[in-house]
>>> print(open('input.json').read())   # JSON, C-alpha atoms
[["chain", "number", "residue", "atom", "x", "y", "z"],
["A", 1, "ALA", "CA", 58.34, 22.35, 17.18],
["A", 2, "TRP", "CA", 61.54, 23.79, 15.71],
["A", 3, "TRP", "CA", 59.77, 26.74, 14.08],
["A", 4, "VAL", "CA", 58.71, 28.18, 17.43],
["A", 5, "GLY", "CA", 61.17, 30.92, 18.31],
["A", 6, "ALA", "CA", 61.40, 34.16, 20.18],
["A", 7, "PRO", "CA", 58.81, 36.92, 19.74],
["A", 8, "GLY", "CA", 59.57, 39.00, 16.69],
["A", 9, "THR", "CA", 61.18, 36.19, 14.68],
["A", 10, "SER", "CA", 57.89, 35.40, 12.90],
["A", 11, "LEU", "CA", 58.23, 31.67, 13.52],
["A", 12, "HIS", "CA", 56.97, 32.11, 17.05],
["A", 13, "THR", "CA", 54.04, 31.82, 19.38],
["A", 14, "ALA", "CA", 52.24, 35.02, 20.31],
["A", 15, "HIS", "CA", 53.58, 36.64, 23.45],
["A", 16, "SER", "CA", 51.24, 38.01, 26.10],
["A", 17, "GLU", "CA", 50.62, 41.49, 24.69],
["A", 18, "GLN", "CA", 49.78, 39.98, 21.28],
["A", 19, "ALA", "CA", 47.72, 37.01, 22.43],
["A", 20, "GLU", "CA", 44.37, 38.79, 22.26],
["A", 21, "THR", "CA", 44.89, 40.17, 18.74],
["A", 22, "HIS", "CA", 47.30, 37.75, 17.07],
["A", 23, "SER", "CA", 46.87, 33.99, 17.04],
["A", 24, "PHE", "CA", 48.33, 31.11, 15.08],
["A", 25, "GLY", "CA", 46.83, 28.26, 13.10],
["A", 26, "HIS", "CA", 48.61, 25.35, 11.47],
["A", 27, "THR", "CA", 52.24, 25.18, 10.45],
["A", 28, "ASN", "CA", 53.03, 22.89, 7.53],
["A", 29, "VAL", "CA", 56.04, 21.95, 5.44],
["A", 30, "LEU", "CA", 55.37, 21.72, 1.70],
["A", 31, "PRO", "CA", 57.39, 19.86, -0.95],
["A", 32, "GLY", "CA", 60.81, 21.44, -1.28],
["A", 33, "GLY", "CA", 60.89, 22.41, 2.39],
["A", 34, "LEU", "CA", 58.69, 25.50, 2.11],
["A", 35, "VAL", "CA", 57.29, 26.27, 5.56],
["A", 36, "THR", "CA", 53.83, 27.83, 5.82],
["A", 37, "ILE", "CA", 52.42, 29.35, 9.01],
["A", 38, "GLU", "CA", 48.84, 30.55, 9.46],
["A", 39, "HIS", "CA", 48.25, 33.84, 11.26],
["A", 40, "MET", "CA", 44.98, 35.36, 12.44],
["A", 41, "PHE", "CA", 44.77, 39.01, 13.48],
["A", 42, "LYS", "CA", 41.86, 40.75, 15.17],
["A", 43, "VAL", "CA", 41.33, 44.24, 13.78],
["A", 44, "PRO", "CA", 38.51, 46.79, 14.14],
["A", 45, "LEU", "CA", 35.70, 46.55, 11.61],
["A", 46, "ASP", "CA", 35.66, 50.35, 11.61],
["A", 47, "HIS", "CA", 39.10, 51.79, 12.33],
["A", 48, "SER", "CA", 37.52, 55.17, 13.15],
["A", 49, "ASP", "CA", 35.19, 53.60, 15.74],
["A", 50, "PRO", "CA", 36.59, 50.42, 17.35],
["A", 51, "SER", "CA", 33.44, 50.13, 19.48],
["A", 52, "LYS", "CA", 31.69, 48.63, 16.43],
["A", 53, "GLY", "CA", 33.56, 45.37, 17.02],
["A", 54, "THR", "CA", 36.35, 43.41, 15.41],
["A", 55, "ILE", "CA", 36.86, 41.08, 12.49],
["A", 56, "THR", "CA", 39.53, 38.45, 11.92],
["A", 57, "VAL", "CA", 42.03, 38.94, 9.11],
["A", 58, "PHE", "CA", 43.99, 35.94, 7.87],
["A", 59, "ALA", "CA", 47.53, 35.81, 6.49],
["A", 60, "ARG", "CA", 49.82, 32.96, 5.54],
["A", 61, "GLU", "CA", 53.56, 33.28, 6.13],
["A", 62, "LEU", "CA", 56.00, 31.56, 3.78],
["A", 63, "VAL", "CA", 59.59, 30.81, 4.76],
["A", 64, "SER", "CA", 62.09, 29.02, 2.51],
["A", 65, "HIS", "CA", 63.80, 25.86, 3.70],
["A", 66, "ASN", "CA", 67.17, 27.61, 3.94],
["A", 67, "HIS", "CA", 65.87, 30.55, 5.95],
["A", 68, "ALA", "CA", 63.85, 28.25, 8.19],
["A", 69, "GLN", "CA", 66.93, 26.18, 8.97],
["A", 70, "ALA", "CA", 68.96, 29.31, 9.73],
["A", 71, "MET", "CA", 66.24, 30.58, 12.07],
["A", 72, "LYS", "CA", 66.07, 27.17, 13.72],
["A", 73, "ASN", "CA", 69.76, 27.54, 14.52],
["A", 74, "GLY", "CA", 69.29, 30.98, 16.05],
["A", 75, "GLY", "CA", 69.81, 33.12, 12.98],
["A", 76, "LYS", "CA", 67.91, 36.32, 12.34],
["A", 77, "PRO", "CA", 64.81, 36.12, 10.15],
["A", 78, "PRO", "CA", 64.99, 37.62, 6.68],
["A", 79, "PRO", "CA", 63.13, 40.86, 5.98],
["A", 80, "THR", "CA", 59.40, 40.62, 5.36],
["A", 81, "LEU", "CA", 57.59, 41.07, 2.05],
["A", 82, "LEU", "CA", 53.84, 41.64, 2.30],
["A", 83, "PHE", "CA", 51.91, 40.65, -0.83],
["A", 84, "LEU", "CA", 48.66, 42.44, -1.67],
["A", 85, "GLN", "CA", 46.54, 40.47, -4.11],
["A", 86, "GLY", "CA", 44.70, 41.93, -7.08],
["A", 87, "GLY", "CA", 40.94, 42.09, -7.32],
["A", 88, "PRO", "CA", 39.28, 43.60, -5.51],
["A", 89, "GLY", "CA", 37.56, 40.65, -3.96],
["A", 90, "PHE", "CA", 40.15, 37.92, -4.45],
["A", 91, "PRO", "CA", 42.02, 36.15, -1.64],
["A", 92, "ALA", "CA", 45.77, 35.70, -1.77],
["A", 93, "GLY", "CA", 47.05, 32.72, -3.71],
["A", 94, "ARG", "CA", 47.43, 29.34, -2.04],
["A", 95, "PRO", "CA", 51.04, 28.15, -2.45],
["A", 96, "GLN", "CA", 51.83, 24.60, -3.49],
["A", 97, "SER", "CA", 55.62, 24.61, -3.74],
["A", 98, "PRO", "CA", 58.27, 27.22, -4.55],
["A", 99, "LYS", "CA", 59.12, 25.75, -7.95],
["A", 100, "GLY", "CA", 59.00, 29.00, -9.85],
["A", 101, "GLY", "CA", 57.45, 32.40, -10.29],
["A", 102, "TRP", "CA", 57.76, 35.47, -8.15],
["A", 103, "ILE", "CA", 57.40, 33.59, -4.86],
["A", 104, "GLN", "CA", 60.49, 31.51, -5.50],
["A", 105, "ARG", "CA", 62.46, 34.67, -6.28],
["A", 106, "ALA", "CA", 61.08, 36.55, -3.27],
["A", 107, "LEU", "CA", 61.88, 33.72, -0.86],
["A", 108, "GLN", "CA", 65.56, 34.05, -1.69],
["A", 109, "GLU", "CA", 65.60, 37.36, 0.18],
["A", 110, "TYR", "CA", 62.38, 37.58, 2.18],
["A", 111, "ARG", "CA", 59.86, 35.73, 4.18],
["A", 112, "VAL", "CA", 56.57, 36.35, 2.41],
["A", 113, "LEU", "CA", 53.25, 37.19, 4.03],
["A", 114, "LEU", "CA", 50.22, 36.44, 1.83],
["A", 115, "LEU", "CA", 47.33, 38.53, 3.10],
["A", 116, "ASP", "CA", 43.67, 37.70, 2.54],
["A", 117, "GLN", "CA", 42.46, 41.29, 2.44],
["A", 118, "ARG", "CA", 39.39, 41.98, 4.57],
["A", 119, "GLY", "CA", 36.28, 40.73, 2.80],
["A", 120, "THR", "CA", 38.10, 37.90, 0.98],
["A", 121, "GLY", "CA", 39.17, 34.33, 1.63],
["A", 122, "ARG", "CA", 39.43, 33.67, 5.37],
["A", 123, "SER", "CA", 39.23, 37.36, 6.30],
["A", 124, "PHE", "CA", 35.56, 37.99, 7.07],
["A", 125, "PRO", "CA", 34.48, 37.15, 3.49],
["A", 126, "VAL", "CA", 31.84, 39.37, 1.94],
["A", 127, "THR", "CA", 29.68, 37.53, -0.59],
["A", 128, "HIS", "CA", 26.15, 37.91, -1.87],
["A", 129, "GLU", "CA", 25.13, 35.30, 0.71],
["A", 130, "THR", "CA", 26.75, 37.01, 3.69],
["A", 131, "LEU", "CA", 25.71, 40.48, 2.57],
["A", 132, "GLY", "CA", 22.15, 39.24, 2.09],
["A", 133, "ARG", "CA", 21.83, 38.58, 5.80],
["A", 134, "GLU", "CA", 21.41, 42.33, 6.19],
["A", 135, "LYS", "CA", 18.19, 43.28, 4.42],
["A", 136, "ASP", "CA", 18.51, 47.05, 4.66],
["A", 137, "PRO", "CA", 20.39, 48.37, 1.57],
["A", 138, "LYS", "CA", 21.68, 51.40, 3.51],
["A", 139, "LYS", "CA", 23.20, 49.14, 6.14],
["A", 140, "GLN", "CA", 24.67, 46.94, 3.42],
["A", 141, "ALA", "CA", 26.33, 50.00, 1.88],
["A", 142, "GLU", "CA", 27.58, 51.12, 5.29],
["A", 143, "LEU", "CA", 29.15, 47.71, 5.86],
["A", 144, "LEU", "CA", 30.83, 47.72, 2.45],
["A", 145, "SER", "CA", 32.30, 51.16, 3.17],
["A", 146, "HIS", "CA", 34.65, 49.42, 5.63],
["A", 147, "PHE", "CA", 36.22, 47.22, 2.94],
["A", 148, "ARG", "CA", 38.04, 49.81, 0.87],
["A", 149, "ALA", "CA", 41.77, 50.28, 0.36],
["A", 150, "ASP", "CA", 42.11, 52.68, 3.30],
["A", 151, "SER", "CA", 40.80, 50.04, 5.73],
["A", 152, "ILE", "CA", 43.03, 47.38, 4.17],
["A", 153, "VAL", "CA", 46.08, 49.60, 4.72],
["A", 154, "LYS", "CA", 45.11, 50.26, 8.34],
["A", 155, "ASP", "CA", 44.81, 46.50, 8.83],
["A", 156, "CYS", "CA", 48.29, 46.11, 7.36],
["A", 157, "GLU", "CA", 49.75, 48.59, 9.81],
["A", 158, "LEU", "CA", 48.27, 46.77, 12.80],
["A", 159, "ILE", "CA", 49.55, 43.49, 11.38],
["A", 160, "ARG", "CA", 53.02, 44.95, 10.78],
["A", 161, "GLU", "CA", 53.29, 46.15, 14.35],
["A", 162, "SER", "CA", 52.23, 42.75, 15.65],
["A", 163, "PHE", "CA", 54.26, 40.72, 13.17],
["A", 164, "ILE", "CA", 57.65, 42.47, 13.12],
["A", 165, "GLY", "CA", 57.34, 45.28, 15.68],
["A", 166, "LYS", "CA", 56.25, 48.91, 15.58],
["A", 167, "GLN", "CA", 59.71, 50.22, 14.78],
["A", 168, "SER", "CA", 60.40, 47.73, 11.99],
["A", 169, "LYS", "CA", 59.56, 48.27, 8.33],
["A", 170, "TRP", "CA", 58.58, 45.87, 5.61],
["A", 171, "THR", "CA", 58.43, 45.79, 1.81],
["A", 172, "VAL", "CA", 55.04, 45.58, 0.10],
["A", 173, "LEU", "CA", 54.30, 44.12, -3.33],
["A", 174, "GLY", "CA", 50.95, 44.98, -4.91],
["A", 175, "GLN", "CA", 49.47, 43.28, -7.95],
["A", 176, "SER", "CA", 46.66, 45.04, -9.88],
["A", 177, "PHE", "CA", 44.22, 46.29, -7.20],
["A", 178, "GLY", "CA", 46.96, 45.44, -4.73],
["A", 179, "GLY", "CA", 49.01, 48.16, -6.44],
["A", 180, "PHE", "CA", 46.20, 50.61, -5.74],
["A", 181, "CYS", "CA", 46.43, 49.55, -2.09],
["A", 182, "VAL", "CA", 50.20, 50.12, -2.14],
["A", 183, "CYS", "CA", 49.66, 53.68, -3.38],
["A", 184, "THR", "CA", 47.13, 54.22, -0.59],
["A", 185, "TYR", "CA", 49.73, 52.81, 1.82],
["A", 186, "LEU", "CA", 52.27, 55.36, 0.57],
["A", 187, "SER", "CA", 49.73, 58.11, 1.25],
["A", 188, "LEU", "CA", 48.51, 56.98, 4.66],
["A", 189, "ALA", "CA", 51.44, 55.24, 6.34],
["A", 190, "PRO", "CA", 54.75, 55.53, 4.44],
["A", 191, "GLN", "CA", 56.63, 55.29, 7.74],
["A", 192, "GLY", "CA", 55.92, 51.55, 7.81],
["A", 193, "LEU", "CA", 57.49, 50.83, 4.42],
["A", 194, "GLU", "CA", 61.02, 49.89, 3.52],
["A", 195, "ALA", "CA", 60.08, 49.72, -0.17],
["A", 196, "ALA", "CA", 56.95, 49.64, -2.33],
["A", 197, "LEU", "CA", 56.72, 47.46, -5.44],
["A", 198, "LEU", "CA", 53.93, 47.61, -8.02],
["A", 199, "THR", "CA", 53.00, 45.23, -10.81],
["A", 200, "GLY", "CA", 50.15, 46.14, -13.12],
["A", 201, "GLY", "CA", 48.32, 48.37, -10.67],
["A", 202, "LEU", "CA", 48.98, 52.11, -10.79],
["A", 203, "PRO", "CA", 45.97, 54.37, -10.14],
["A", 204, "PRO", "CA", 45.65, 57.80, -11.79],
["A", 205, "VAL", "CA", 48.16, 60.11, -10.13],
["A", 206, "THR", "CA", 48.10, 63.09, -12.49],
["A", 207, "ASP", "CA", 45.61, 65.92, -12.91],
["A", 208, "GLY", "CA", 43.03, 65.41, -15.63],
["A", 209, "CYS", "CA", 43.15, 61.62, -15.52],
["A", 210, "SER", "CA", 39.53, 60.72, -14.82],
["A", 211, "ALA", "CA", 37.77, 57.39, -14.54],
["A", 212, "ASP", "CA", 35.93, 58.18, -17.78],
["A", 213, "SER", "CA", 39.15, 58.72, -19.72],
["A", 214, "VAL", "CA", 40.65, 55.49, -18.34],
["A", 215, "TYR", "CA", 37.56, 53.47, -19.25],
["A", 216, "ASP", "CA", 37.48, 55.04, -22.72],
["A", 217, "LYS", "CA", 41.00, 53.83, -23.44],
["A", 218, "THR", "CA", 40.25, 50.47, -21.81],
["A", 219, "TYR", "CA", 37.25, 50.05, -24.12],
["A", 220, "GLN", "CA", 39.47, 50.67, -27.12],
["A", 221, "ARG", "CA", 42.03, 48.14, -25.90],
["A", 222, "MET", "CA", 39.28, 45.60, -25.24],
["A", 223, "ALA", "CA", 37.85, 46.07, -28.75],
["A", 224, "ALA", "CA", 41.31, 45.53, -30.25],
["A", 225, "ARG", "CA", 41.92, 42.38, -28.19],
["A", 226, "THR", "CA", 38.52, 40.98, -29.14],
["A", 227, "LYS", "CA", 39.25, 41.61, -32.83],
["A", 228, "ARG", "CA", 42.57, 39.77, -32.52],
["A", 229, "PHE", "CA", 40.89, 36.84, -30.77],
["A", 230, "TYR", "CA", 38.34, 36.39, -33.56],
["A", 231, "GLU", "CA", 41.06, 36.70, -36.19],
["A", 232, "ARG", "CA", 42.88, 33.83, -34.51],
["A", 233, "TYR", "CA", 39.74, 31.75, -33.87],
["A", 234, "PRO", "CA", 37.11, 32.83, -36.42],
["A", 235, "GLN", "CA", 35.05, 29.69, -35.74],
["A", 236, "HIS", "CA", 33.95, 31.24, -32.43],
["A", 237, "ILE", "CA", 32.19, 34.25, -33.95],
["A", 238, "ASP", "CA", 29.02, 32.25, -34.55],
["A", 239, "THR", "CA", 29.49, 30.31, -31.31],
["A", 240, "VAL", "CA", 29.44, 33.46, -29.20],
["A", 241, "ARG", "CA", 26.51, 34.90, -31.16],
["A", 242, "ASP", "CA", 24.51, 31.71, -30.56],
["A", 243, "ILE", "CA", 25.33, 31.71, -26.85],
["A", 244, "ILE", "CA", 24.27, 35.35, -26.48],
["A", 245, "ALA", "CA", 21.02, 34.71, -28.35],
["A", 246, "HIS", "CA", 20.28, 31.72, -26.12],
["A", 247, "LEU", "CA", 21.04, 33.52, -22.85],
["A", 248, "ASP", "CA", 18.99, 36.56, -23.86],
["A", 249, "LYS", "CA", 15.94, 34.30, -23.93],
["A", 250, "ASN", "CA", 17.01, 31.74, -21.32],
["A", 251, "PRO", "CA", 19.06, 33.12, -18.40],
["A", 252, "THR", "CA", 20.63, 30.05, -16.81],
["A", 253, "PRO", "CA", 21.04, 29.33, -13.06],
["A", 254, "LEU", "CA", 24.64, 28.66, -12.07],
["A", 255, "PRO", "CA", 25.57, 25.66, -9.86],
["A", 256, "GLY", "CA", 27.27, 27.94, -7.33],
["A", 257, "GLY", "CA", 24.43, 30.45, -7.18],
["A", 258, "GLY", "CA", 23.47, 33.41, -9.30],
["A", 259, "THR", "CA", 22.36, 33.50, -12.91],
["A", 260, "LEU", "CA", 24.32, 33.37, -16.14],
["A", 261, "THR", "CA", 22.95, 36.15, -18.33],
["A", 262, "ALA", "CA", 24.24, 37.32, -21.69],
["A", 263, "ARG", "CA", 25.95, 40.32, -20.06],
["A", 264, "ARG", "CA", 27.55, 38.15, -17.41],
["A", 265, "PHE", "CA", 28.81, 35.74, -20.06],
["A", 266, "LEU", "CA", 30.49, 38.63, -21.89],
["A", 267, "GLN", "CA", 32.52, 39.34, -18.75],
["A", 268, "LEU", "CA", 34.61, 36.32, -19.72],
["A", 269, "GLY", "CA", 36.31, 38.73, -22.09],
["A", 270, "LEU", "CA", 38.40, 39.78, -19.09],
["A", 271, "ALA", "CA", 40.53, 36.70, -19.81],
["A", 272, "LEU", "CA", 41.62, 38.18, -23.14],
["A", 273, "GLY", "CA", 43.88, 40.54, -21.23],
["A", 274, "SER", "CA", 46.07, 37.75, -19.87],
["A", 275, "GLY", "CA", 48.99, 36.07, -21.58],
["A", 276, "SER", "CA", 47.22, 32.77, -22.27],
["A", 277, "GLY", "CA", 43.73, 34.26, -22.33],
["A", 278, "PHE", "CA", 43.09, 33.65, -26.02],
["A", 279, "GLU", "CA", 43.74, 29.93, -25.70],
["A", 280, "HIS", "CA", 41.81, 29.69, -22.44],
["A", 281, "MET", "CA", 38.80, 31.26, -24.16],
["A", 282, "HIS", "CA", 39.21, 29.06, -27.21],
["A", 283, "TYR", "CA", 39.09, 25.84, -25.21],
["A", 284, "LEU", "CA", 36.19, 27.12, -23.14],
["A", 285, "LEU", "CA", 34.17, 27.74, -26.29],
["A", 286, "GLU", "CA", 35.00, 24.40, -27.92],
["A", 287, "ARG", "CA", 32.09, 22.64, -26.19],
["A", 288, "PRO", "CA", 29.66, 25.26, -24.87],
["A", 289, "TRP", "CA", 26.49, 23.18, -25.13],
["A", 290, "LYS", "CA", 25.27, 20.44, -22.85],
["A", 291, "GLU", "CA", 25.29, 17.16, -24.73],
["A", 292, "GLY", "CA", 22.14, 15.07, -24.90]]
>>> encode(input="input.json", output="structure tokens")
Amino acid sequence: AWWVGAPGTSLHTAHSEQAETHSFGHTNVLPGGLVTIEHMFKVPLDHSDPSKGTITVFARELVSHNHAQAMKNGGKPPPTLLFLQGGPGFPAGRPQSPKGGWIQRALQEYRVLLLDQRGTGRSFPVTHETLGREKDPKKQAELLSHFRADSIVKDCELIRESFIGKQSKWTVLGQSFGGFCVCTYLSLAPQGLEAALLTGGLPPVTDGCSADSVYDKTYQRMAARTKRFYERYPQHIDTVRDIIAHLDKNPTPLPGGGTLTARRFLQLGLALGSGSGFEHMHYLLERPWKEG
């Protein structure tokens, strides 16, 4: 296939020294000529003790039509942009076509690597089902200790060395929790970075900024957003009160597992922080009750 090139170009097959730790899945061409390549990397579960075994971390490479054609004709690949998704606990987005948004802009200059951070998506997902296989709470906690930002960054460094070479640098873009990971990256392995970009995810970096003070201000912001929502859609005041009263007495099993309680329902308020969150919530509350 035309996308198979020399080692180090990214559109390539793993050479011998990579074969055991870096493998490839499917390559597809999406509408508009966007090329997607699946990559699987074996990394230690515990970077401080590789004897504990390995897990597989998944990433999807995106290359624009123009860059793919240039590489097909022997041109050099564009620089690499690694995207770190927000969460924690969310996989990277699944591209459909580069019609707009940040990906379209990034593909003008970069090839983009969408990483499913360990514990999410296709990277050794940690869910209540998989975690429940280990019955000992202490062992569950020990397992979860390997899925923090420091381990994600160490995965990224192994992936960078395999993907573009130990001496090459890449740019990282972190969204929300991904921004926290970028800051950890700057602390642990700045030598691997050409540039670091943050969007909506900057952890406390000054003295005196505690978790309590952040949550106190977040609570105030949340109260203000909730007030604005009910001013725009006052008909939902009674709707939400009725739902809470019902769930307090009748916690409801969810189709995908788990139980919808009153407190869990209130977590939907997270949507009020997004640009279209008010309208999303409004339409969700239009028909909350099962008919019949």
>>> residues_around(input="input.json", residues="Leu272 (chain A)", least_positions_apart="6", cutoff="9 Å", atoms="all atoms listed in the file", output="CSV table (one decimal) with C-alpha atoms, keeping the file's coordinate frame")
chain,number,residue,atom,x,y,z
A,222,MET,CA,39.3,45.6,-25.2
A,225,ARG,CA,41.9,42.4,-28.2
A,226,THR,CA,38.5,41.0,-29.1
A,229,PHE,CA,40.9,36.8,-30.8
A,278,PHE,CA,43.1,33.6,-26.0
A,279,GLU,CA,43.7,29.9,-25.7
A,280,HIS,CA,41.8,29.7,-22.4
A,281,MET,CA,38.8,31.3,-24.2
>>> residues_around(input="input.json", residues="Arg148 (chain A)", least_positions_apart="4", cutoff="10 Å", atoms="all atoms listed in the file", output="list in words")
Pro88, Gln117, Arg118, Gly119, Leu144, Ile152, Val153 and Cys181 of chain A
>>> residues_around(input="input.json", residues="Ser176 (chain A)", least_positions_apart="5", cutoff="10 Å", atoms="only C-alpha atoms", output="number ranges by chain")
A: 84-88, 181-182, 198-203
>>> closest_atom_pairs(input="input.json", of="region 56-107 of chain A", to="region 31-43 of chain A", cutoff="7 Å", atoms="all atoms listed in the file", output="tab-separated table")
residue	atom	partner	partner_atom	distance
A:Thr56	CA	A:Lys42	CA	4.6
A:Val57	CA	A:Phe41	CA	5.2
A:Phe58	CA	A:Met40	CA	4.7
A:Ala59	CA	A:His39	CA	5.2
A:Arg60	CA	A:Glu38	CA	4.7
A:Glu61	CA	A:Ile37	CA	5.0
A:Leu62	CA	A:Thr36	CA	4.8
A:Val63	CA	A:Val35	CA	5.2
A:Ser64	CA	A:Leu34	CA	4.9
A:His65	CA	A:Gly33	CA	4.7
A:Ser97	CA	A:Pro31	CA	5.8
A:Pro98	CA	A:Leu34	CA	6.9
>>> axis_aligned_box(input="input.json", around="region 77-90 of chain A", padding_each_side="5 Å", output="JSON")
{"center_x": 51.3, "center_y": 39.9, "center_z": 1.4, "size_x": 37.4, "size_y": 17.5, "size_z": 27.5}
>>> closest_residue(input="input.json", among="A:Leu197, A:Leu247, A:Leu266, A:Leu45", to="Lys154 (chain A)", atoms="all atoms listed in the file")
A:Leu45
>>> residues_around(input="input.json", residues="Ala189 (chain A)", least_positions_apart="5", cutoff="12 Å", atoms="all atoms listed in the file", output="PyMOL selection string")
chain A and resi 150-158+160+169-170+181-184+194+196
>>> atom_distance(input="input.json", atom1="CA of His67 (chain A)", atom2="CA of Val29 (chain A)")
13.1 Å
>>> closest_residue(input="input.json", among="A:Arg94, A:Lys76, A:His26, A:Lys138", to="Asp116 (chain A)", atoms="all atoms listed in the file")
A:Arg94
